[in-house]
$ cat target-v2.txt   # compact mmCIF, C-alpha atoms and all ligand atoms
# COMPACT_ATOMS: atom_id res chain seq x y z
CA MET A 1 -19.36 15.25 -17.56
CA LYS A 2 -20.09 12.38 -15.28
CA LYS A 3 -21.54 12.26 -11.79
CA MET A 4 -19.60 9.51 -10.14
CA LEU A 5 -18.83 7.51 -7.06
CA ILE A 6 -15.49 5.87 -6.45
CA MET A 7 -15.16 2.93 -4.11
CA GLY A 8 -12.56 0.36 -3.18
CA PRO A 9 -11.12 -1.31 -0.10
CA PRO A 10 -8.38 0.35 1.97
CA GLY A 11 -5.05 0.21 0.15
CA ALA A 12 -6.54 -0.36 -3.32
CA GLY A 13 -5.31 3.01 -4.58
CA LYS A 14 -8.66 4.77 -4.59
CA GLY A 15 -7.13 8.03 -3.34
CA THR A 16 -4.47 8.09 -6.05
CA GLN A 17 -7.01 7.51 -8.82
CA ALA A 18 -9.42 10.05 -7.31
CA GLU A 19 -6.66 12.68 -7.46
CA LYS A 20 -5.96 11.88 -11.11
CA ILE A 21 -9.63 11.98 -12.07
CA ILE A 22 -10.37 15.34 -10.48
CA GLU A 23 -7.26 16.88 -11.95
CA TYR A 24 -7.85 15.54 -15.46
CA TYR A 25 -11.56 16.31 -15.60
CA GLY A 26 -11.58 19.41 -13.42
CA ILE A 27 -14.50 18.26 -11.32
CA PRO A 28 -14.94 18.62 -7.55
CA HIS A 29 -13.69 15.83 -5.31
CA ILE A 30 -16.29 15.29 -2.65
CA SER A 31 -14.61 13.36 0.10
CA THR A 32 -16.55 13.01 3.33
CA GLY A 33 -13.30 12.56 5.25
CA ASP A 34 -11.89 15.83 3.89
CA MET A 35 -15.19 17.65 4.44
CA PHE A 36 -15.36 16.61 8.07
CA ARG A 37 -11.74 17.58 8.65
CA ALA A 38 -12.39 20.99 7.07
CA ALA A 39 -15.67 21.52 8.95
CA ILE A 40 -13.99 20.65 12.23
CA SER A 41 -11.01 22.93 11.68
CA ASN A 42 -13.33 25.78 10.57
CA LYS A 43 -15.57 25.10 13.57
CA THR A 44 -18.74 25.15 11.46
CA GLU A 45 -22.02 24.04 12.99
CA VAL A 46 -21.79 20.60 11.42
CA GLY A 47 -18.08 20.49 12.29
CA LEU A 48 -18.82 20.99 15.97
CA ILE A 49 -21.46 18.27 15.92
CA ALA A 50 -19.12 15.84 14.14
CA LYS A 51 -16.27 16.63 16.52
CA LYS A 52 -18.41 15.73 19.49
CA TYR A 53 -18.94 12.20 18.14
CA ILE A 54 -15.40 11.70 16.91
CA ASP A 55 -13.87 12.88 20.22
CA ALA A 56 -16.08 10.41 22.06
CA GLY A 57 -14.82 7.64 19.77
CA ASN A 58 -18.18 7.23 18.04
CA LEU A 59 -19.14 7.19 14.39
CA VAL A 60 -20.70 10.35 13.04
CA PRO A 61 -24.47 9.62 12.66
CA ASP A 62 -25.73 9.05 9.12
CA GLU A 63 -27.98 12.11 9.28
CA VAL A 64 -24.96 14.35 9.85
CA THR A 65 -22.94 12.73 7.07
CA VAL A 66 -25.86 12.86 4.66
CA GLY A 67 -26.42 16.51 5.59
CA ILE A 68 -22.87 17.52 4.81
CA VAL A 69 -22.94 15.68 1.45
CA LYS A 70 -26.27 17.20 0.51
CA GLU A 71 -25.03 20.70 1.24
CA ARG A 72 -21.93 20.09 -0.87
CA LEU A 73 -23.83 18.58 -3.82
CA SER A 74 -26.16 21.57 -3.85
CA ASN A 75 -23.20 23.80 -4.73
CA PRO A 76 -23.29 25.04 -8.33
CA ASP A 77 -19.83 23.61 -9.05
CA CYS A 78 -21.34 20.10 -8.89
CA LYS A 79 -23.72 20.79 -11.78
CA ASN A 80 -21.25 19.54 -14.35
CA GLY A 81 -20.05 16.47 -12.56
CA PHE A 82 -18.37 15.37 -9.36
CA LEU A 83 -16.50 12.50 -7.82
CA LEU A 84 -17.87 11.32 -4.51
CA ASP A 85 -15.42 9.42 -2.33
CA GLY A 86 -15.97 7.73 1.05
CA PHE A 87 -19.75 7.88 0.87
CA PRO A 88 -22.05 5.99 0.96
CA ARG A 89 -20.38 3.50 3.26
CA ASP A 90 -23.18 1.01 3.68
CA LEU A 91 -26.64 0.12 2.40
CA LYS A 92 -28.45 2.40 4.79
CA GLN A 93 -26.43 5.40 3.64
CA ALA A 94 -26.91 4.31 0.02
CA GLU A 95 -30.67 4.38 0.47
CA MET A 96 -30.52 7.80 2.09
CA PHE A 97 -28.28 8.92 -0.75
CA SER A 98 -30.79 7.70 -3.36
CA ASP A 99 -33.50 9.80 -1.69
CA MET A 100 -31.18 12.80 -1.65
CA LEU A 101 -30.39 12.44 -5.36
CA LYS A 102 -34.10 12.37 -6.14
CA GLU A 103 -34.66 15.51 -4.09
CA LEU A 104 -31.78 17.32 -5.75
CA ASP A 105 -32.78 15.97 -9.17
CA ILE A 106 -29.33 14.51 -9.78
CA LYS A 107 -28.73 11.35 -11.75
CA LEU A 108 -25.71 9.27 -10.81
CA ASP A 109 -23.89 8.04 -13.95
CA LEU A 110 -21.11 5.78 -12.84
CA VAL A 111 -19.71 3.84 -9.88
CA LEU A 112 -16.02 3.06 -10.19
CA ASN A 113 -15.10 0.03 -8.14
CA ILE A 114 -11.38 -0.51 -7.70
CA HIS A 115 -10.65 -4.05 -6.60
CA VAL A 116 -7.50 -5.80 -5.45
CA ASP A 117 -7.51 -9.11 -3.61
CA SER A 118 -7.07 -9.13 0.15
CA GLU A 119 -3.69 -10.86 0.29
CA LYS A 120 -2.23 -8.22 -1.99
CA LEU A 121 -3.88 -5.39 -0.07
CA ILE A 122 -2.43 -6.62 3.22
CA ASN A 123 0.98 -6.82 1.62
CA ARG A 124 0.64 -3.33 0.15
CA ILE A 125 -0.42 -1.75 3.40
CA ILE A 126 2.05 -3.38 5.77
CA GLY A 127 4.92 -2.54 3.40
CA ARG A 128 3.97 1.10 3.31
CA ARG A 129 6.40 3.66 4.76
CA ILE A 130 5.88 7.35 5.07
CA CYS A 131 8.07 10.35 5.59
CA PRO A 132 6.98 12.10 8.80
CA ASN A 133 8.50 15.32 7.52
CA CYS A 134 7.26 15.83 3.94
CA GLY A 135 4.52 13.19 3.77
CA ARG A 136 5.89 11.30 0.77
CA THR A 137 4.92 7.62 0.74
CA TYR A 138 7.00 4.61 -0.18
CA HIS A 139 6.69 0.84 -0.25
CA ILE A 140 9.44 -1.55 0.82
CA THR A 141 8.90 -3.65 -2.33
CA TYR A 142 7.05 -1.64 -4.94
CA ASN A 143 8.23 1.88 -4.39
CA LYS A 144 11.57 1.80 -2.60
CA PRO A 145 13.46 4.91 -1.61
CA LEU A 146 16.94 5.19 -3.14
CA LYS A 147 18.50 4.58 0.27
CA GLU A 148 16.71 2.09 2.53
CA GLY A 149 14.62 3.78 5.23
CA ILE A 150 15.48 7.32 4.11
CA CYS A 151 13.24 9.83 2.32
CA ASP A 152 14.52 10.70 -1.19
CA GLU A 153 12.94 14.11 -0.92
CA CYS A 154 14.17 15.41 2.41
CA GLY A 155 16.47 12.83 3.99
CA SER A 156 14.26 12.09 7.01
CA THR A 157 13.97 8.60 8.47
CA LEU A 158 10.85 6.84 7.16
CA ILE A 159 8.27 5.46 9.55
CA GLN A 160 5.44 2.95 9.44
CA ARG A 161 2.02 4.26 10.39
CA LYS A 162 0.70 2.76 13.59
CA ASP A 163 -2.46 1.52 11.83
CA ASP A 164 -0.54 -0.20 9.05
CA ASN A 165 -0.17 -3.55 10.81
CA VAL A 166 -1.68 -6.92 9.88
CA GLU A 167 -4.33 -7.00 12.61
CA THR A 168 -5.68 -3.53 11.98
CA VAL A 169 -5.58 -3.99 8.22
CA LYS A 170 -7.49 -7.29 8.38
CA ASN A 171 -10.05 -5.65 10.57
CA ARG A 172 -10.47 -2.74 8.16
CA LEU A 173 -10.84 -5.14 5.23
CA ASP A 174 -13.46 -7.18 7.13
CA VAL A 175 -15.48 -4.08 7.90
CA TYR A 176 -15.27 -3.05 4.26
CA ALA A 177 -16.35 -6.50 3.03
CA GLN A 178 -19.32 -6.60 5.39
CA LYS A 179 -20.58 -3.05 5.13
CA THR A 180 -19.41 -1.48 1.90
CA GLU A 181 -19.05 -4.34 -0.57
CA PRO A 182 -22.81 -4.98 -0.74
CA LEU A 183 -23.04 -1.61 -2.50
CA ILE A 184 -21.52 -3.19 -5.61
CA ASN A 185 -24.72 -5.16 -5.96
CA TYR A 186 -26.89 -2.19 -4.99
CA TYR A 187 -25.35 -0.14 -7.82
CA LYS A 188 -24.90 -3.05 -10.18
CA ASP A 189 -26.25 -1.25 -13.24
CA LEU A 190 -23.79 1.61 -12.76
CA VAL A 191 -20.69 -0.28 -11.61
CA TYR A 192 -17.52 -0.43 -13.64
CA ASN A 193 -14.97 -2.79 -12.12
CA VAL A 194 -11.39 -1.64 -12.29
CA ASP A 195 -8.52 -4.06 -11.69
CA GLY A 196 -6.42 -2.13 -9.19
CA ASP A 197 -3.49 -4.51 -9.31
CA ARG A 198 -1.77 -2.71 -12.17
CA ASP A 199 0.44 0.26 -12.77
CA VAL A 200 -1.16 3.54 -11.63
CA ASP A 201 -1.18 5.03 -15.14
CA VAL A 202 -2.53 1.87 -16.77
CA ILE A 203 -5.41 1.92 -14.28
CA PHE A 204 -6.07 5.57 -14.99
CA ASN A 205 -6.15 4.97 -18.77
CA ASP A 206 -8.75 2.28 -18.20
CA ILE A 207 -10.81 4.71 -16.08
CA LYS A 208 -10.52 7.46 -18.70
CA LYS A 209 -11.94 5.11 -21.32
CA VAL A 210 -15.06 4.48 -19.29
CA ILE A 211 -15.56 8.11 -18.23
CA GLY A 212 -14.98 9.44 -21.75
CA ASP A 213 -14.32 13.07 -22.60
ZN ZN B 301 10.54 13.49 3.27
$ encode --input "target-v2.txt" --output "structure tokens"
Amino acid sequence: MKKMLIMGPPGAGKGTQAEKIIEYYGIPHISTGDMFRAAISNKTEVGLIAKKYIDAGNLVPDEVTVGIVKERLSNPDCKNGFLLDGFPRDLKQAEMFSDMLKELDIKLDLVLNIHVDSEKLINRIIGRRICPNCGRTYHITYNKPLKEGICDECGSTLIQRKDDNVETVKNRLDVYAQKTEPLINYYKDLVYNVDGDRDVDVIFNDIKKVIGD
């Protein structure tokens, strides 16, 4: 089984594919975002440290992020493969990650890079609507509810997330292009580029071919 990273700009569908991969292959999904949320709600030592930075509106320092990833990768369930998501975010973290892999004697096999061009991403994100009650997501063009503005599942009125506006999205894409995109070159021997502008299942079939059995 493969030891993998998944990357892609906001709105490219990375989360959806990550879910499919971990379910199909039965490997752990190592998401730094989820780990921090869990650590904070469980009030672990690292959770308390992270919370201090987040509450102050600062980024969690690399050492803390690297620490939480290292602890997770040392778990026996990662021996047979894992999917790392949301880390590393930039070159500095990638270098720290390379050192960590050496220490843990882990060899990374594959970097899945889901790409969609910016115009399309902006369109995807600003058209997104969510149900505040059950969490189901829709899109005003690509994934319409049966009745406009109403959740199919529970009948609640759909809302647009505050962050899903053009300005914020452009800013997020710029940060991604500047900080995270250089990793594609850093990992160039391991990268498999996935065209994310296709049907969810078509994308997943493509990913399955490269991961294998
Ligand atoms: Zn709903």
$ closest_residue --input "target-v2.txt" --among "A:Asn123, A:Ala38, A:His29, A:Gly8" --to "Tyr192 (chain A)" --atoms "only C-alpha atoms"
A:Gly8
$ residues_around --input "target-v2.txt" --residues "Glu19 (chain A)" --least-positions-apart "6" --cutoff "12 Å" --atoms "only C-alpha atoms" --output "VMD selection string"
chain A and resid 6 13 25 to 31 83 to 85 200 204
$ residues_near_ligand --input "target-v2.txt" --ligand "ligand ZN 301 (chain B)" --cutoff "10 Å" --atoms "all atoms listed in the file" --output "compact mmCIF listing (two decimals) with C-alpha atoms, keeping the file's coordinate frame"
# COMPACT_ATOMS: atom_id res chain seq x y z
CA ILE A 130 5.88 7.35 5.07
CA CYS A 131 8.07 10.35 5.59
CA PRO A 132 6.98 12.10 8.80
CA ASN A 133 8.50 15.32 7.52
CA CYS A 134 7.26 15.83 3.94
CA GLY A 135 4.52 13.19 3.77
CA ARG A 136 5.89 11.30 0.77
CA THR A 137 4.92 7.62 0.74
CA ILE A 150 15.48 7.32 4.11
CA CYS A 151 13.24 9.83 2.32
CA ASP A 152 14.52 10.70 -1.19
CA GLU A 153 12.94 14.11 -0.92
CA CYS A 154 14.17 15.41 2.41
CA GLY A 155 16.47 12.83 3.99
CA SER A 156 14.26 12.09 7.01
CA THR A 157 13.97 8.60 8.47
CA LEU A 158 10.85 6.84 7.16
$ residues_around --input "target-v2.txt" --residues "Leu173 (chain A)" --least-positions-apart "5" --cutoff "12 Å" --atoms "all atoms listed in the file" --output "PyMOL selection string"
chain A and resi 8-12+115-122+125+166-168+178-181
$ atom_distance --input "target-v2.txt" --atom1 "CA of Met7 (chain A)" --atom2 "CA of Val175 (chain A)"
13.9 Å
$ closest_residue --input "target-v2.txt" --among "A:Lys3, A:Lys208, A:Lys102, A:His139" --to "Gly81 (chain A)" --atoms "only C-alpha atoms"
A:Lys3
$ residues_near_point --input "target-v2.txt" --point "(6.7, -0.2, 6.8)" --cutoff "8 Å" --atoms "only C-alpha atoms" --output "ChimeraX atom specification"
/A:126-130,139-140,159-161,164
$ atom_distance --input "target-v2.txt" --atom1 "CA of Val66 (chain A)" --atom2 "CA of Lys170 (chain A)"
27.5 Å
$ atom_distance --input "target-v2.txt" --atom1 "CA of Thr44 (chain A)" --atom2 "CA of Phe87 (chain A)"
20.3 Å
$ closest_residue --input "target-v2.txt" --among "A:Asp199, A:Glu23, A:Glu103, A:Glu71" --to "Asn143 (chain A)" --atoms "all atoms listed in the file"
A:Asp199
$ closest_residue --input "target-v2.txt" --among "A:Ile207, A:Ile68, A:Glu63, A:Ile21" --to "Arg37 (chain A)" --atoms "only C-alpha atoms"
A:Ile68
$ axis_aligned_box --input "target-v2.txt" --around "region 36-48 of chain A" --padding-each-side "6 Å" --output "AutoDock Vina command-line options"
--center_x -16.5 --center_y 21.2 --center_z 11.5 --size_x 23.0 --size_y 21.2 --size_z 20.9
$ residues_around --input "target-v2.txt" --residues "Gln93 (chain A)" --least-positions-apart "3" --cutoff "12 Å" --atoms "all atoms listed in the file" --output "PDB file with C-alpha atoms, keeping the file's coordinate frame"
ATOM      1  CA  PRO A  61     -24.470   9.620  12.660  1.00  0.00           C
ATOM      2  CA  ASP A  62     -25.730   9.050   9.120  1.00  0.00           C
ATOM      3  CA  GLU A  63     -27.980  12.110   9.280  1.00  0.00           C
ATOM      4  CA  VAL A  64     -24.960  14.350   9.850  1.00  0.00           C
ATOM      5  CA  THR A  65     -22.940  12.730   7.070  1.00  0.00           C
ATOM      6  CA  VAL A  66     -25.860  12.860   4.660  1.00  0.00           C
ATOM      7  CA  GLY A  67     -26.420  16.510   5.590  1.00  0.00           C
ATOM      8  CA  VAL A  69     -22.940  15.680   1.450  1.00  0.00           C
ATOM      9  CA  GLY A  86     -15.970   7.730   1.050  1.00  0.00           C
ATOM     10  CA  PHE A  87     -19.750   7.880   0.870  1.00  0.00           C
ATOM     11  CA  PRO A  88     -22.050   5.990   0.960  1.00  0.00           C
ATOM     12  CA  ARG A  89     -20.380   3.500   3.260  1.00  0.00           C
ATOM     13  CA  ASP A  90     -23.180   1.010   3.680  1.00  0.00           C
ATOM     14  CA  MET A  96     -30.520   7.800   2.090  1.00  0.00           C
ATOM     15  CA  PHE A  97     -28.280   8.920  -0.750  1.00  0.00           C
ATOM     16  CA  SER A  98     -30.790   7.700  -3.360  1.00  0.00           C
ATOM     17  CA  ASP A  99     -33.500   9.800  -1.690  1.00  0.00           C
ATOM     18  CA  MET A 100     -31.180  12.800  -1.650  1.00  0.00           C
ATOM     19  CA  LYS A 179     -20.580  -3.050   5.130  1.00  0.00           C
ATOM     20  CA  THR A 180     -19.410  -1.480   1.900  1.00  0.00           C
ATOM     21  CA  PRO A 182     -22.810  -4.980  -0.740  1.00  0.00           C
ATOM     22  CA  LEU A 183     -23.040  -1.610  -2.500  1.00  0.00           C
ATOM     23  CA  TYR A 186     -26.890  -2.190  -4.990  1.00  0.00           C
TER      24      TYR A 186
END
$ residues_around --input "target-v2.txt" --residues "Asn205 (chain A)" --least-positions-apart "5" --cutoff "12 Å" --atoms "only C-alpha atoms" --output "VMD selection string"
chain A and resid 17 20 to 21 24 194 to 196 198 to 200 210 to 212
$ decode --input "target-v2.txt" --residues "region 61-73 of chain A" --atoms "all heavy atoms" --output "CSV table (one decimal), in the first residue's frame"
chain,number,residue,atom,x,y,z
A,61,PRO,N,3.0,27.4,14.8
A,61,PRO,CA,4.4,27.3,14.3
A,61,PRO,C,4.7,26.0,13.7
A,61,PRO,O,4.1,25.0,14.1
A,61,PRO,CB,5.2,27.5,15.6
A,61,PRO,CG,4.3,28.1,16.6
A,61,PRO,CD,2.9,27.7,16.2
A,62,ASP,N,5.6,25.9,12.7
A,62,ASP,CA,6.0,24.7,12.0
A,62,ASP,C,6.3,23.6,13.0
A,62,ASP,O,6.0,22.4,12.7
A,62,ASP,CB,7.1,25.0,11.1
A,62,ASP,CG,6.7,25.8,9.9
A,62,ASP,OD1,5.5,25.8,9.6
A,62,ASP,OD2,7.5,26.5,9.3
A,63,GLU,N,7.1,23.9,14.0
A,63,GLU,CA,7.6,22.9,15.0
A,63,GLU,C,6.4,22.1,15.6
A,63,GLU,O,6.4,20.9,15.8
A,63,GLU,CB,8.4,23.5,16.1
A,63,GLU,CG,9.8,24.0,15.7
A,63,GLU,CD,9.8,25.2,14.7
A,63,GLU,OE1,8.8,25.9,14.7
A,63,GLU,OE2,10.8,25.4,14.0
A,64,VAL,N,5.3,22.9,15.9
A,64,VAL,CA,4.1,22.2,16.5
A,64,VAL,C,3.4,21.4,15.5
A,64,VAL,O,3.1,20.2,15.7
A,64,VAL,CB,3.2,23.3,17.0
A,64,VAL,CG1,1.9,22.7,17.6
A,64,VAL,CG2,3.9,24.2,18.0
A,65,THR,N,3.3,21.9,14.2
A,65,THR,CA,2.6,21.1,13.2
A,65,THR,C,3.4,19.8,12.9
A,65,THR,O,2.9,18.7,12.8
A,65,THR,CB,2.5,22.0,11.9
A,65,THR,OG1,1.9,23.2,12.3
A,65,THR,CG2,1.7,21.3,10.9
A,66,VAL,N,4.7,20.0,12.7
A,66,VAL,CA,5.6,18.9,12.4
A,66,VAL,C,5.5,17.8,13.6
A,66,VAL,O,5.4,16.6,13.3
A,66,VAL,CB,7.0,19.3,12.2
A,66,VAL,CG1,8.0,18.2,12.2
A,66,VAL,CG2,7.1,20.1,10.9
A,67,GLY,N,5.5,18.3,14.8
A,67,GLY,CA,5.4,17.4,15.9
A,67,GLY,C,4.1,16.6,15.9
A,67,GLY,O,4.2,15.4,16.2
A,68,ILE,N,3.0,17.2,15.6
A,68,ILE,CA,1.7,16.5,15.6
A,68,ILE,C,1.7,15.4,14.5
A,68,ILE,O,1.2,14.3,14.6
A,68,ILE,CB,0.5,17.4,15.6
A,68,ILE,CG1,-0.7,16.8,16.1
A,68,ILE,CG2,0.2,18.0,14.2
A,68,ILE,CD1,-1.9,17.7,16.3
A,69,VAL,N,2.3,15.8,13.3
A,69,VAL,CA,2.4,14.8,12.2
A,69,VAL,C,3.3,13.7,12.5
A,69,VAL,O,3.0,12.5,12.3
A,69,VAL,CB,2.8,15.5,10.9
A,69,VAL,CG1,3.1,14.5,9.8
A,69,VAL,CG2,1.8,16.6,10.5
A,70,LYS,N,4.4,14.0,13.2
A,70,LYS,CA,5.4,12.9,13.5
A,70,LYS,C,4.8,11.9,14.4
A,70,LYS,O,4.9,10.7,14.3
A,70,LYS,CB,6.6,13.6,14.1
A,70,LYS,CG,7.8,12.6,14.3
A,70,LYS,CD,9.0,13.2,14.7
A,70,LYS,CE,10.1,12.2,14.9
A,70,LYS,NZ,11.3,12.7,15.5
A,71,GLU,N,4.1,12.5,15.4
A,71,GLU,CA,3.4,11.6,16.4
A,71,GLU,C,2.4,10.6,15.7
A,71,GLU,O,2.4,9.4,16.0
A,71,GLU,CB,2.7,12.5,17.4
A,71,GLU,CG,2.4,11.8,18.7
A,71,GLU,CD,1.8,12.9,19.7
A,71,GLU,OE1,2.6,13.6,20.3
A,71,GLU,OE2,0.6,13.0,19.8
A,72,ARG,N,1.7,11.2,14.8
A,72,ARG,CA,0.6,10.4,14.1
A,72,ARG,C,1.3,9.4,13.2
A,72,ARG,O,0.8,8.2,13.1
A,72,ARG,CB,-0.2,11.4,13.3
A,72,ARG,CG,-1.4,10.7,12.6
A,72,ARG,CD,-2.4,10.2,13.6
A,72,ARG,NE,-3.4,9.3,13.0
A,72,ARG,CZ,-3.3,8.1,12.7
A,72,ARG,NH1,-2.2,7.5,12.9
A,72,ARG,NH2,-4.3,7.4,12.1
A,73,LEU,N,2.3,9.8,12.5
A,73,LEU,CA,3.0,8.8,11.5
A,73,LEU,C,3.7,7.7,12.3
A,73,LEU,O,4.0,6.7,11.7
A,73,LEU,CB,3.9,9.5,10.6
A,73,LEU,CG,3.3,10.4,9.5
A,73,LEU,CD1,4.4,11.0,8.7
A,73,LEU,CD2,2.4,9.6,8.6
